[in-house]
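Data block for query-v2.txt (compact mmCIF, C-alpha atoms):
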# COMPACT_ATOMS: atom_id res chain seq x y z
CA MET A 1 -7.81 -27.57 26.95
CA GLU A 2 -8.33 -28.25 30.63
CA ASN A 3 -5.18 -26.46 31.83
CA ALA A 4 -6.32 -23.24 30.21
CA ARG A 5 -9.62 -23.45 32.11
CA ALA A 6 -7.91 -23.75 35.49
CA LYS A 7 -7.04 -20.06 35.64
CA ARG A 8 -9.17 -17.47 33.93
CA PRO A 9 -6.89 -15.50 31.59
CA SER A 10 -6.89 -11.74 32.03
CA SER A 11 -4.51 -10.68 29.23
CA VAL A 12 -3.68 -11.69 25.66
CA TYR A 13 -0.81 -11.02 23.30
CA LEU A 14 -1.78 -11.56 19.66
CA LEU A 15 0.73 -11.68 16.81
CA ASN A 16 -0.95 -11.38 13.42
CA LEU A 17 0.82 -12.66 10.29
CA GLY A 18 -0.22 -12.61 6.66
CA CYS A 19 -2.65 -10.62 4.57
CA SER A 20 -5.24 -7.96 5.31
CA LYS A 21 -7.99 -10.59 5.36
CA ASN A 22 -6.13 -12.36 8.17
CA GLN A 23 -5.78 -9.01 9.91
CA VAL A 24 -9.54 -8.53 9.93
CA ASP A 25 -9.90 -11.94 11.60
CA ALA A 26 -7.33 -10.97 14.23
CA GLU A 27 -9.14 -7.68 14.90
CA HIS A 28 -12.44 -9.50 15.45
CA LEU A 29 -10.68 -11.96 17.73
CA LEU A 30 -9.22 -9.17 19.86
CA ALA A 31 -12.65 -7.55 20.09
CA GLU A 32 -14.07 -10.84 21.35
CA PHE A 33 -11.37 -11.06 24.01
CA ALA A 34 -12.10 -7.46 25.05
CA SER A 35 -15.82 -8.22 25.38
CA ALA A 36 -14.91 -11.15 27.65
CA GLY A 37 -12.77 -8.91 29.86
CA VAL A 38 -9.41 -10.13 28.55
CA LYS A 39 -7.16 -7.15 27.92
CA ARG A 40 -4.73 -6.91 25.04
CA THR A 41 -1.05 -6.33 25.77
CA GLU A 42 1.77 -5.70 23.32
CA GLU A 43 4.29 -7.25 25.73
CA PRO A 44 4.25 -11.05 25.46
CA GLU A 45 5.92 -11.52 28.83
CA LYS A 46 2.88 -9.89 30.49
CA ALA A 47 0.23 -12.00 28.73
CA ASP A 48 -1.60 -15.08 29.98
CA LEU A 49 -2.38 -16.10 26.40
CA LEU A 50 0.09 -15.97 23.50
CA VAL A 51 -1.85 -16.18 20.23
CA VAL A 52 -0.29 -16.45 16.77
CA ASN A 53 -2.64 -15.86 13.84
CA THR A 54 -0.71 -17.85 11.23
CA CYS A 55 -0.34 -17.48 7.47
CA GLY A 56 -0.08 -20.48 5.16
CA PHE A 57 0.03 -18.84 1.75
CA ILE A 58 3.62 -19.52 0.63
CA ASP A 59 6.67 -21.28 2.08
CA SER A 60 8.26 -18.17 3.56
CA ALA A 61 5.01 -17.30 5.35
CA LYS A 62 4.70 -20.83 6.72
CA GLU A 63 8.27 -20.73 8.01
CA GLU A 64 7.69 -17.35 9.64
CA SER A 65 4.56 -18.65 11.38
CA ILE A 66 6.38 -21.68 12.78
CA GLN A 67 9.37 -19.62 13.88
CA GLU A 68 7.14 -17.16 15.73
CA ILE A 69 5.30 -19.98 17.49
CA LEU A 70 8.64 -21.46 18.59
CA ARG A 71 9.96 -18.05 19.67
CA LEU A 72 6.98 -17.39 21.92
CA SER A 73 7.04 -20.96 23.24
CA GLU A 74 10.70 -20.75 24.24
CA GLY A 75 10.27 -17.53 26.16
CA ARG A 76 7.06 -18.31 28.01
CA THR A 77 6.48 -19.23 31.64
CA SER A 78 4.70 -22.39 32.74
CA ALA A 79 1.54 -20.37 33.37
CA GLN A 80 1.36 -18.95 29.85
CA LYS A 81 -0.52 -20.73 27.08
CA VAL A 82 0.50 -20.71 23.41
CA ILE A 83 -2.33 -20.80 20.88
CA ALA A 84 -2.05 -21.12 17.08
CA VAL A 85 -4.93 -20.11 14.81
CA GLY A 86 -5.30 -19.10 11.18
CA CYS A 87 -4.48 -20.44 7.74
CA LEU A 88 -1.43 -22.59 8.55
CA SER A 89 -3.14 -24.47 11.36
CA GLN A 90 -6.31 -24.75 9.27
CA ARG A 91 -4.45 -26.58 6.51
CA TYR A 92 -1.84 -28.52 8.48
CA GLY A 93 -3.49 -28.90 11.87
CA GLU A 94 -2.95 -32.63 12.33
CA SER A 95 0.73 -32.65 11.38
CA LEU A 96 1.46 -29.42 13.25
CA ARG A 97 -0.01 -30.82 16.45
CA LYS A 98 2.58 -33.60 16.26
CA GLU A 99 5.46 -31.35 15.22
CA LEU A 100 4.71 -28.53 17.67
CA PRO A 101 3.84 -30.06 21.04
CA GLU A 102 4.65 -26.67 22.55
CA VAL A 103 1.27 -25.39 21.31
CA ASP A 104 -1.47 -25.73 23.92
CA LEU A 105 -4.37 -25.16 21.53
CA MET A 106 -4.55 -25.16 17.75
CA LEU A 107 -7.56 -23.94 15.76
CA GLY A 108 -8.10 -23.06 12.12
CA THR A 109 -9.32 -19.88 10.50
CA TYR A 110 -11.52 -17.53 12.48
CA GLU A 111 -14.99 -18.67 13.52
CA PRO A 112 -16.91 -16.20 15.70
CA GLY A 113 -16.84 -17.26 19.35
CA GLU A 114 -14.90 -20.50 18.78
CA LEU A 115 -11.68 -19.63 20.59
CA LEU A 116 -13.48 -18.01 23.52
CA SER A 117 -15.63 -21.11 23.89
CA ARG A 118 -12.59 -23.41 23.86
CA LEU A 119 -11.03 -21.29 26.60
CA GLY A 120 -14.18 -21.33 28.72
CA LEU A 121 -14.72 -17.60 28.22
CA LYS A 122 -17.96 -15.82 27.53
CA PRO A 123 -18.46 -12.43 25.86
CA GLY A 124 -19.96 -9.61 27.89
CA ALA A 125 -23.68 -9.01 28.16
CA LYS A 126 -23.67 -6.87 25.01
CA GLY A 127 -21.59 -9.41 23.09
CA CYS A 128 -18.84 -8.49 20.68
CA SER A 129 -19.63 -5.10 19.21
CA GLY A 130 -16.52 -3.87 17.49
CA ARG A 131 -13.02 -4.30 16.15
CA VAL A 132 -9.56 -3.52 17.44
CA VAL A 133 -7.75 -1.87 14.52
CA LEU A 134 -4.22 -3.27 14.24
CA ASP A 135 -2.54 -1.38 11.40
CA GLY A 136 -1.53 1.64 13.46
CA LEU A 137 -3.85 4.03 11.63
CA PRO A 138 -7.04 4.45 13.67
CA HIS A 139 -8.64 6.32 10.76
CA HIS A 140 -8.18 3.39 8.35
CA ALA A 141 -9.62 -0.12 8.47
CA TYR A 142 -9.97 -3.15 6.23
CA LEU A 143 -13.50 -4.42 5.69
CA LYS A 144 -13.70 -8.04 4.54
CA VAL A 145 -16.77 -8.69 2.40
CA ALA A 146 -16.31 -12.39 1.59
CA GLU A 147 -14.49 -15.53 2.68
CA GLY A 148 -12.81 -18.04 0.39
CA CYS A 149 -12.57 -18.09 -3.39
CA GLN A 150 -14.43 -19.70 -6.30
CA ARG A 151 -11.40 -19.66 -8.58
CA ARG A 152 -8.78 -22.34 -8.99
CA CYS A 153 -5.66 -20.54 -10.11
CA ALA A 154 -3.01 -23.22 -10.60
CA TYR A 155 -0.55 -21.86 -8.00
CA CYS A 156 -2.93 -20.83 -5.20
CA ALA A 157 -3.80 -22.79 -2.06
CA ILE A 158 -6.33 -20.30 -0.69
CA PRO A 159 -9.40 -22.27 -1.88
CA LEU A 160 -7.91 -25.36 -0.22
CA ILE A 161 -7.55 -23.43 3.04
CA ARG A 162 -10.64 -21.23 3.15
CA GLY A 163 -12.98 -23.04 0.79
CA PRO A 164 -15.31 -21.62 -1.86
CA GLN A 165 -16.43 -18.01 -1.71
CA LYS A 166 -19.06 -17.08 0.85
CA SER A 167 -20.07 -13.45 0.65
CA LEU A 168 -21.30 -11.64 3.73
CA SER A 169 -24.73 -10.07 3.40
CA PRO A 170 -24.87 -6.35 2.51
CA ARG A 171 -26.52 -5.63 5.86
CA GLU A 172 -23.75 -7.39 7.80
CA ILE A 173 -21.15 -5.38 5.93
CA LEU A 174 -23.05 -2.14 6.43
CA ALA A 175 -23.37 -2.78 10.17
CA GLU A 176 -19.63 -3.27 10.46
CA ALA A 177 -18.91 -0.18 8.35
CA ARG A 178 -21.11 1.86 10.69
CA ARG A 179 -19.27 0.51 13.74
CA LEU A 180 -15.95 1.45 12.15
CA GLU A 181 -17.20 4.94 11.30
CA LYS A 182 -18.42 5.40 14.86
CA CYS A 183 -14.89 4.54 16.05
CA GLY A 184 -13.37 7.30 13.91
CA VAL A 185 -12.51 5.38 10.72
CA ARG A 186 -12.52 7.67 7.69
CA GLU A 187 -11.05 5.34 5.07
CA VAL A 188 -12.18 1.77 4.45
CA SER A 189 -10.40 -0.70 2.17
CA LEU A 190 -12.82 -3.35 0.93
CA VAL A 191 -11.03 -6.70 0.73
CA ALA A 192 -11.78 -10.26 -0.34
CA GLN A 193 -9.82 -12.92 -2.15
CA ASP A 194 -11.83 -11.96 -5.25
CA LEU A 195 -13.51 -8.64 -4.49
CA THR A 196 -15.26 -8.13 -7.82
CA TYR A 197 -16.96 -11.53 -7.52
CA TYR A 198 -18.69 -10.33 -4.34
CA GLY A 199 -22.21 -11.72 -4.04
CA ARG A 200 -22.25 -13.39 -7.42
CA GLU A 201 -22.25 -16.91 -6.00
CA LYS A 202 -25.67 -16.07 -4.53
CA GLY A 203 -27.17 -14.77 -7.77
CA GLY A 204 -29.70 -11.97 -8.11
CA PRO A 205 -29.27 -8.44 -9.49
CA GLU A 206 -28.68 -6.94 -6.04
CA SER A 207 -25.78 -9.30 -5.27
CA ASN A 208 -22.79 -7.48 -6.70
CA LEU A 209 -20.07 -5.06 -5.71
CA GLU A 210 -21.70 -2.03 -7.34
CA GLU A 211 -24.88 -2.38 -5.27
CA LEU A 212 -22.87 -2.94 -2.10
CA LEU A 213 -20.92 0.25 -2.77
CA ARG A 214 -24.14 2.20 -3.39
CA LEU A 215 -25.47 0.99 -0.04
CA LEU A 216 -22.29 1.96 1.83
CA LEU A 217 -22.21 5.37 0.15
CA ALA A 218 -25.85 6.05 1.00
CA GLU A 219 -25.81 4.76 4.57
CA THR A 220 -22.42 5.92 5.91
CA GLY A 221 -20.36 9.09 5.88
CA ILE A 222 -17.01 7.34 5.36
CA GLU A 223 -14.98 9.57 3.05
CA TRP A 224 -12.83 7.04 1.18
CA PHE A 225 -13.70 3.56 -0.02
CA ARG A 226 -10.78 1.69 -1.58
CA LEU A 227 -11.11 -1.44 -3.74
CA CYS A 228 -8.48 -4.15 -3.23
CA TYR A 229 -7.87 -7.55 -4.86
CA ALA A 230 -10.13 -7.20 -7.89
CA TYR A 231 -10.09 -10.13 -10.31
CA PRO A 232 -10.16 -8.87 -13.93
CA ALA A 233 -13.23 -10.86 -15.07
CA PHE A 234 -15.78 -8.77 -13.16
CA VAL A 235 -14.37 -5.27 -13.47
CA THR A 236 -17.59 -4.32 -15.22
CA PRO A 237 -18.48 -1.12 -17.12
CA SER A 238 -21.09 -0.29 -14.47
CA LEU A 239 -18.50 -0.61 -11.67
CA LEU A 240 -16.11 1.69 -13.54
CA GLU A 241 -18.85 4.23 -14.18
CA LEU A 242 -19.68 4.25 -10.47
CA MET A 243 -16.01 4.76 -9.60
CA ALA A 244 -15.78 7.63 -12.08
CA SER A 245 -18.86 9.42 -10.74
CA GLU A 246 -18.48 8.95 -6.98
CA LYS A 247 -15.83 11.11 -5.29
CA ARG A 248 -15.86 8.94 -2.16
CA ILE A 249 -14.65 5.88 -4.08
CA CYS A 250 -10.90 6.23 -4.43
CA LYS A 251 -9.68 6.40 -8.00
CA TYR A 252 -7.62 3.32 -7.30
CA LEU A 253 -7.94 -0.31 -8.31
CA ASP A 254 -5.79 -3.16 -7.02
CA MET A 255 -6.08 -5.84 -9.72
CA PRO A 256 -3.43 -8.59 -9.72
CA ILE A 257 -2.83 -9.78 -13.30
CA GLN A 258 0.08 -12.15 -12.39
CA HIS A 259 1.63 -12.22 -15.88
CA GLY A 260 1.63 -10.78 -19.39
CA SER A 261 2.36 -13.90 -21.43
CA ASP A 262 -0.50 -15.94 -22.85
CA ARG A 263 1.46 -19.14 -22.18
CA MET A 264 1.85 -18.30 -18.52
CA LEU A 265 -1.70 -17.01 -18.09
CA GLU A 266 -3.00 -20.30 -19.48
CA LYS A 267 -0.69 -22.41 -17.32
CA MET A 268 -1.71 -20.37 -14.27
CA ALA A 269 -5.40 -21.00 -15.14
CA ARG A 270 -6.15 -17.30 -14.91
CA GLY A 271 -9.03 -17.46 -17.37
CA HIS A 272 -8.06 -14.48 -19.51
CA THR A 273 -5.59 -13.57 -22.24
CA ARG A 274 -3.02 -10.85 -22.79
CA ARG A 275 -5.27 -9.18 -25.38
CA GLY A 276 -8.21 -9.32 -22.99
CA LEU A 277 -6.14 -7.72 -20.24
CA LEU A 278 -4.97 -4.91 -22.50
CA THR A 279 -8.51 -4.24 -23.71
CA MET A 280 -9.78 -4.06 -20.15
CA LEU A 281 -6.93 -1.88 -18.87
CA ARG A 282 -7.51 0.59 -21.69
CA ARG A 283 -11.23 0.65 -20.86
CA ILE A 284 -10.48 1.30 -17.19
CA ARG A 285 -8.24 4.26 -17.97
CA ARG A 286 -10.70 5.60 -20.54
CA THR A 287 -13.65 5.44 -18.11
CA VAL A 288 -11.75 6.60 -15.00
CA PRO A 289 -8.99 8.80 -16.48
CA ASP A 290 -7.29 9.76 -13.19
CA ILE A 291 -7.22 6.23 -11.78
CA ALA A 292 -4.14 4.61 -10.22
CA LEU A 293 -3.77 0.97 -11.27
CA ARG A 294 -1.97 -1.38 -8.89
CA THR A 295 -1.09 -4.91 -9.87
CA THR A 296 0.88 -7.93 -8.66
CA LEU A 297 3.04 -10.21 -10.79
CA LEU A 298 4.25 -13.79 -10.29
CA LEU A 299 7.70 -14.64 -11.64
CA GLY A 300 9.33 -18.05 -11.97
CA PHE A 301 6.16 -20.10 -12.50
CA PRO A 302 6.95 -23.62 -13.82
CA GLY A 303 7.72 -23.50 -17.53
CA GLU A 304 8.39 -19.74 -17.63
CA THR A 305 10.99 -18.72 -20.22
CA GLU A 306 12.85 -15.53 -21.07
CA ASP A 307 10.41 -15.01 -23.95
CA ASP A 308 7.54 -15.03 -21.43
CA VAL A 309 9.34 -12.46 -19.29
CA ARG A 310 9.95 -10.25 -22.33
CA GLU A 311 6.22 -10.34 -23.09
CA LEU A 312 5.49 -9.35 -19.51
CA VAL A 313 7.97 -6.47 -19.67
CA ASP A 314 6.44 -5.32 -22.98
CA LEU A 315 3.02 -5.26 -21.32
CA MET A 316 4.39 -3.26 -18.37
CA GLU A 317 5.93 -0.71 -20.72
CA GLU A 318 2.67 -0.35 -22.63
CA VAL A 319 0.32 -0.17 -19.63
CA ARG A 320 2.70 1.65 -17.25
CA PHE A 321 1.06 0.57 -14.01
CA ASP A 322 1.07 3.23 -11.31
CA ARG A 323 1.80 0.74 -8.54
CA LEU A 324 3.25 -2.75 -8.87
CA GLY A 325 4.61 -5.53 -6.68
CA CYS A 326 5.86 -9.00 -7.53
CA PHE A 327 6.72 -12.27 -5.87
CA THR A 328 8.39 -15.47 -6.98
CA TYR A 329 6.70 -18.83 -7.33
CA SER A 330 6.33 -21.01 -4.26
CA GLU A 331 5.17 -24.58 -4.77
CA GLU A 332 2.06 -25.36 -2.74
CA GLU A 333 1.09 -29.01 -2.32
CA GLY A 334 -2.31 -29.94 -3.63
CA THR A 335 -2.33 -27.27 -6.34
CA PRO A 336 -2.23 -28.10 -10.07
CA ALA A 337 1.10 -26.28 -10.44
CA ALA A 338 2.72 -28.55 -7.85
CA GLU A 339 1.77 -31.56 -9.95
CA SER A 340 2.78 -30.02 -13.26
CA ARG A 341 5.53 -31.65 -15.30
CA ASP A 342 6.75 -28.30 -16.63
CA PRO A 343 10.42 -27.60 -15.86
CA ARG A 344 11.02 -25.74 -12.60
CA VAL A 345 12.64 -22.32 -12.77
CA ASP A 346 15.76 -22.03 -10.65
CA PRO A 347 14.90 -19.86 -7.60
CA ASP A 348 17.89 -17.58 -8.27
CA VAL A 349 16.70 -17.07 -11.85
CA ALA A 350 13.18 -16.30 -10.63
CA THR A 351 14.58 -13.77 -8.15
CA GLU A 352 16.68 -12.10 -10.86
CA ARG A 353 13.58 -11.82 -13.08
CA ALA A 354 11.58 -10.28 -10.26
CA GLU A 355 14.36 -7.78 -9.57
CA ARG A 356 14.49 -6.89 -13.26
CA VAL A 357 10.74 -6.25 -13.26
CA MET A 358 11.00 -4.04 -10.18
CA ARG A 359 13.83 -1.98 -11.67
CA LEU A 360 11.59 -1.18 -14.63
CA GLN A 361 8.71 -0.35 -12.31
CA GLU A 362 10.94 2.02 -10.35
CA GLU A 363 11.59 3.96 -13.55
CA ILE A 364 7.87 4.06 -14.36
CA SER A 365 6.97 5.11 -10.81
CA LEU A 366 9.50 7.94 -10.86
CA GLU A 367 8.13 9.20 -14.15
CA ARG A 368 4.57 9.05 -12.79
CA ASN A 369 5.50 10.87 -9.59
CA GLU A 370 7.52 13.58 -11.30
CA ALA A 371 4.44 14.41 -13.40
CA LEU A 372 2.62 15.29 -10.15
CA VAL A 373 5.06 18.03 -9.10
CA GLY A 374 3.21 21.33 -9.00
CA ARG A 375 -0.23 19.75 -8.59
CA GLU A 376 -2.49 20.39 -5.61
CA LEU A 377 -3.92 17.13 -4.27
CA ARG A 378 -6.20 16.05 -1.46
CA VAL A 379 -4.31 13.91 1.03
CA LEU A 380 -5.17 12.00 4.18
CA VAL A 381 -2.69 12.72 6.98
CA ASP A 382 -1.60 9.42 8.53
CA SER A 383 0.94 10.23 11.20
CA VAL A 384 3.62 12.47 12.60
CA ASP A 385 6.92 11.59 10.92
CA GLU A 386 8.97 9.96 13.67
CA THR A 387 12.11 9.94 11.50
CA GLY A 388 12.26 13.71 11.54
CA THR A 389 12.70 14.05 7.76
CA ALA A 390 9.27 15.71 7.49
CA HIS A 391 6.48 17.00 9.74
CA PHE A 392 3.82 14.50 8.71
CA LEU A 393 3.29 11.45 6.51
CA ALA A 394 0.18 11.37 4.33
CA ARG A 395 -1.33 9.56 1.33
CA THR A 396 -3.29 10.47 -1.77
CA GLU A 397 -6.37 8.53 -2.85
CA TRP A 398 -3.99 6.67 -5.21
CA ASP A 399 -2.12 5.05 -2.32
CA ALA A 400 -3.15 2.24 0.01
CA PRO A 401 -1.56 2.02 3.48
CA GLU A 402 1.75 0.17 3.84
CA VAL A 403 2.14 -0.94 0.22
CA ASP A 404 2.04 2.32 -1.76
CA ASN A 405 3.56 5.79 -1.88
CA GLN A 406 3.70 8.25 0.97
CA VAL A 407 3.47 12.02 0.85
CA ARG A 408 6.04 13.68 3.12
CA ILE A 409 4.62 16.93 4.44
CA ALA A 410 7.45 19.41 5.03
CA GLU A 411 5.42 22.48 5.91
CA GLY A 412 2.09 23.11 7.59
CA SER A 413 0.15 21.96 10.63
CA ALA A 414 -2.33 19.07 10.68
CA LYS A 415 -3.68 16.17 12.70
CA PRO A 416 -3.54 12.47 11.83
CA GLY A 417 -6.85 11.40 10.31
CA GLU A 418 -7.42 14.81 8.74
CA PHE A 419 -8.05 15.40 5.03
CA ARG A 420 -6.13 18.37 3.64
CA MET A 421 -5.02 19.90 0.36
CA ALA A 422 -1.30 19.78 -0.34
CA LYS A 423 0.93 21.07 -3.11
CA ILE A 424 3.44 18.55 -4.46
CA VAL A 425 6.92 20.09 -4.53
CA GLY A 426 9.19 17.08 -5.10
CA ALA A 427 9.16 13.46 -6.18
CA GLU A 428 11.11 10.22 -5.81
CA ALA A 429 10.26 6.81 -7.22
CA TYR A 430 8.00 5.83 -4.35
CA ASP A 431 7.42 9.02 -2.35
CA LEU A 432 6.26 12.60 -2.84
CA ASP A 433 7.21 15.78 -0.99
CA ALA A 434 4.56 18.39 -0.33
CA VAL A 435 3.52 21.43 1.67
CA LEU A 436 0.07 21.78 3.18
CA LEU A 437 -2.21 24.48 1.82
CA PRO A 438 -4.42 26.60 4.09
CA LYS A 439 -7.59 24.95 5.29
CA GLY A 440 -10.48 25.48 2.91
CA SER A 441 -8.27 25.19 -0.18
CA ARG A 442 -9.80 23.21 -3.03
CA ARG A 443 -8.26 20.77 -5.43
CA GLY A 444 -6.09 22.54 -8.01
In structure tokens, write the structure found in this file.
Amino acid sequence: MENARAKRPSSVYLLNLGCSKNQVDAEHLLAEFASAGVKRTEEPEKADLLVVNTCGFIDSAKEESIQEILRLSEGRTSAQKVIAVGCLSQRYGESLRKELPEVDLMLGTYEPGELLSRLGLKPGAKGCSGRVVLDGLPHHAYLKVAEGCQRRCAYCAIPLIRGPQKSLSPREILAEARRLEKCGVREVSLVAQDLTYYGREKGGPESNLEELLRLLLAETGIEWFRLCYAYPAFVTPSLLELMASEKRICKYLDMPIQHGSDRMLEKMARGHTRRGLLTMLRRIRRTVPDIALRTTLLLGFPGETEDDVRELVDLMEEVRFDRLGCFTYSEEEGTPAAESRDPRVDPDVATERAERVMRLQEEISLERNEALVGRELRVLVDSVDETGTAHFLARTEWDAPEVDNQVRIAEGSAKPGEFRMAKIVGAEAYDLDAVLLPKGSRRG
């Protein structure tokens, strides 16, 4: 990219799209730019470099990535350079280079130092030593513990994009956790495409999620560790016992099950059955009684029938997940589902099924939240409420940022990033109302 070398860039605008794993990559990338003396700006018109960290998971994400690249390209000056990185350019780099001549440089998923090198930039003398947290909560950060995925679920293109799982070493993860703690992070969400498989591709008794958690608990003072994207197969009894006994591990498990019909689970190549799921979910609640279970469902998979949806709804009514999201099937080339001869579900039918599922979940969520009224809970204060409907917005340990419930604090004084006790005084389907208790109050 000779033109980019002609003038040393001094500022970068980075637009991150996609999942939390992509966000971690973007945060590392911004830290690299900072170490090289390139300042971040949130105003694209003031940036020398316009970077889009793309997502290539489903069609809507691909379209968004392309539209954002075009938007930034149309508004730029001749001196500004547009750069595309991430999952979409990793998978479709060759064709995108032809279709998007506006892009000055296109790279794949994050590789430490790669983009700086291509731009002729060098990190500072101390190298890259941190992260730039992007989610707007300086006291929360995602910590990615592995790349890629060993599994081959029939609908998923992630292994095609990021390859087989490669777990980071415990010491690498610990070093990053310590850097985050030093920067004021008090809550860490551990993420991977398959979190509970962490380390298992390497073998050895020390290579598993439980031992990683024990290390992080022993060697940091971070107050909350949250587990996200757990595949059911390795939610082991020992992991559950650790969650039950350690107060610093949030009583929260994000475990996408995708469906509740044996037919669909088999077609999706999920590797487990409805009965197996129910047995495991009962064991989780028995071992960690106060846990919040979050899951994700996929509606409209090829061959899905109304009978399959009824089985899924029956499972939801039996399990009564605390948190739940769903999405509709998107055909991804190169996956077994894309080559399946099963009849396609009309997109409007898939959307109606997803909406039906979410209406049921709204009823369940309201029931769950109303049962909390009167309880005194520990919350983490996230922010001042800019809407003016409350003083502060906070979360319980049962709620991950952005995707789960908020606690609206109507009375009391606090600071963002502070842990406090609050009494729940009202409930809606996806939010709680509370008043702060005096400092020093203990869980009721």
### Message
When you look at Met316 in chain A with a cut-off of 10 Å (counting only C-alpha atoms), what residues show up, excluding the ones that are within fewer than 4 positions of it in the same chain? I need them as a VMD selection string.
### Response
chain A and resid 259 to 260 310 to 312 320 to 321 324 357 360 to 361 364
### Query
Got a sec: who's within 9 Å of range 238-252 of chain A, counting only C-alpha atoms, leaving out chain neighbours fewer than 5 positions off, as a PyMOL selection string?
chain A and resi 209-210+213-214+217+222-228+283-284+287-294+397-400
Could those selected residues go to a file with C-alpha atoms, as a PDB file, keeping the file's coordinate frame?
ATOM      1  CA  LEU A 209     -20.070  -5.060  -5.710  1.00  0.00           C
ATOM      2  CA  GLU A 210     -21.700  -2.030  -7.340  1.00  0.00           C
ATOM      3  CA  LEU A 213     -20.920   0.250  -2.770  1.00  0.00           C
ATOM      4  CA  ARG A 214     -24.140   2.200  -3.390  1.00  0.00           C
ATOM      5  CA  LEU A 217     -22.210   5.370   0.150  1.00  0.00           C
ATOM      6  CA  ILE A 222     -17.010   7.340   5.360  1.00  0.00           C
ATOM      7  CA  GLU A 223     -14.980   9.570   3.050  1.00  0.00           C
ATOM      8  CA  TRP A 224     -12.830   7.040   1.180  1.00  0.00           C
ATOM      9  CA  PHE A 225     -13.700   3.560  -0.020  1.00  0.00           C
ATOM     10  CA  ARG A 226     -10.780   1.690  -1.580  1.00  0.00           C
ATOM     11  CA  LEU A 227     -11.110  -1.440  -3.740  1.00  0.00           C
ATOM     12  CA  CYS A 228      -8.480  -4.150  -3.230  1.00  0.00           C
ATOM     13  CA  ARG A 283     -11.230   0.650 -20.860  1.00  0.00           C
ATOM     14  CA  ILE A 284     -10.480   1.300 -17.190  1.00  0.00           C
ATOM     15  CA  THR A 287     -13.650   5.440 -18.110  1.00  0.00           C
ATOM     16  CA  VAL A 288     -11.750   6.600 -15.000  1.00  0.00           C
ATOM     17  CA  PRO A 289      -8.990   8.800 -16.480  1.00  0.00           C
ATOM     18  CA  ASP A 290      -7.290   9.760 -13.190  1.00  0.00           C
ATOM     19  CA  ILE A 291      -7.220   6.230 -11.780  1.00  0.00           C
ATOM     20  CA  ALA A 292      -4.140   4.610 -10.220  1.00  0.00           C
ATOM     21  CA  LEU A 293      -3.770   0.970 -11.270  1.00  0.00           C
ATOM     22  CA  ARG A 294      -1.970  -1.380  -8.890  1.00  0.00           C
ATOM     23  CA  GLU A 397      -6.370   8.530  -2.850  1.00  0.00           C
ATOM     24  CA  TRP A 398      -3.990   6.670  -5.210  1.00  0.00           C
ATOM     25  CA  ASP A 399      -2.120   5.050  -2.320  1.00  0.00           C
ATOM     26  CA  ALA A 400      -3.150   2.240   0.010  1.00  0.00           C
TER      27      ALA A 400
END
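Interatomic distance, CA of Arg275 in chain A to CA of Glu304 in chain A: 18.9 Å.
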Around all of range 56-74 of chain A's listed atoms, make the axis-aligned box with 5 Å on each side and tell me centre and edge lengths in Å to one decimal, as AutoDock Vina command-line options.
--center_x 5.3 --center_y -19.4 --center_z 12.4 --size_x 20.8 --size_y 14.5 --size_z 33.6
### Query
Near His272 in chain A, within 12 Å and counting all atoms listed in the file, which residues show up once chain neighbours fewer than 6 positions away are dropped, as a list of chain:residue names?
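Returned residues: A:Cys153, A:Tyr231, A:Pro232, A:Ala233, A:Phe234, A:Ile257, A:Gln258, A:His259, A:Gly260, A:Ser261, A:Asp262, A:Arg263, A:Met264, A:Leu265, A:Glu266, A:Leu278, A:Thr279, A:Met280.
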### Query
What would the list of residues within 8 Å of (-9.5, -5.0, 17.5) (file frame) look like as a VMD selection string, if all atoms listed in the file are what count?
chain A and resid 26 to 31 130 to 134
### Query
Out of A:Leu72, A:Ala34, A:Val373, A:Val384, which residue has the shortest atom-to-atom distance to Ala422 in chain A when counting all atoms listed in the file?
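Of all the options, A:Val373 lies closest to Ala422 in chain A.
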### Query
Which one is closest to Ala394 in chain A: A:Val435, A:Leu14, A:Leu366, A:Ala429? Count only C-alpha atoms.
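Of the candidates, the smallest distance to Ala394 in chain A is held by A:Val435.
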### Message
I'd like the contact shell of Leu299 in chain A - 8 Å cut-off, all atoms listed in the file, skipping same-chain residues fewer than 6 positions apart - returned as a list in words.
### Response
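Neighbouring residues, sequence-local ones excluded: His259, Cys326, Phe327, Thr328, Tyr329, Ala350, Thr351, Arg353 and Ala354 of chain A.
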### Query
Residues at most 7 Å from range 44-56 of chain A, counting all atoms listed in the file, excluding those fewer than 4 positions away in the same chain, as a ChimeraX atom specification?
/A:9-18,26,61-62,65,69,76,80-88
### Selected residue of minimal separation from Gly120 in chain A among A:Met255, A:Ala218, A:Cys183, A:Ala36, counting all atoms listed in the file
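Smallest separation from Gly120 in chain A among the options: A:Ala36.
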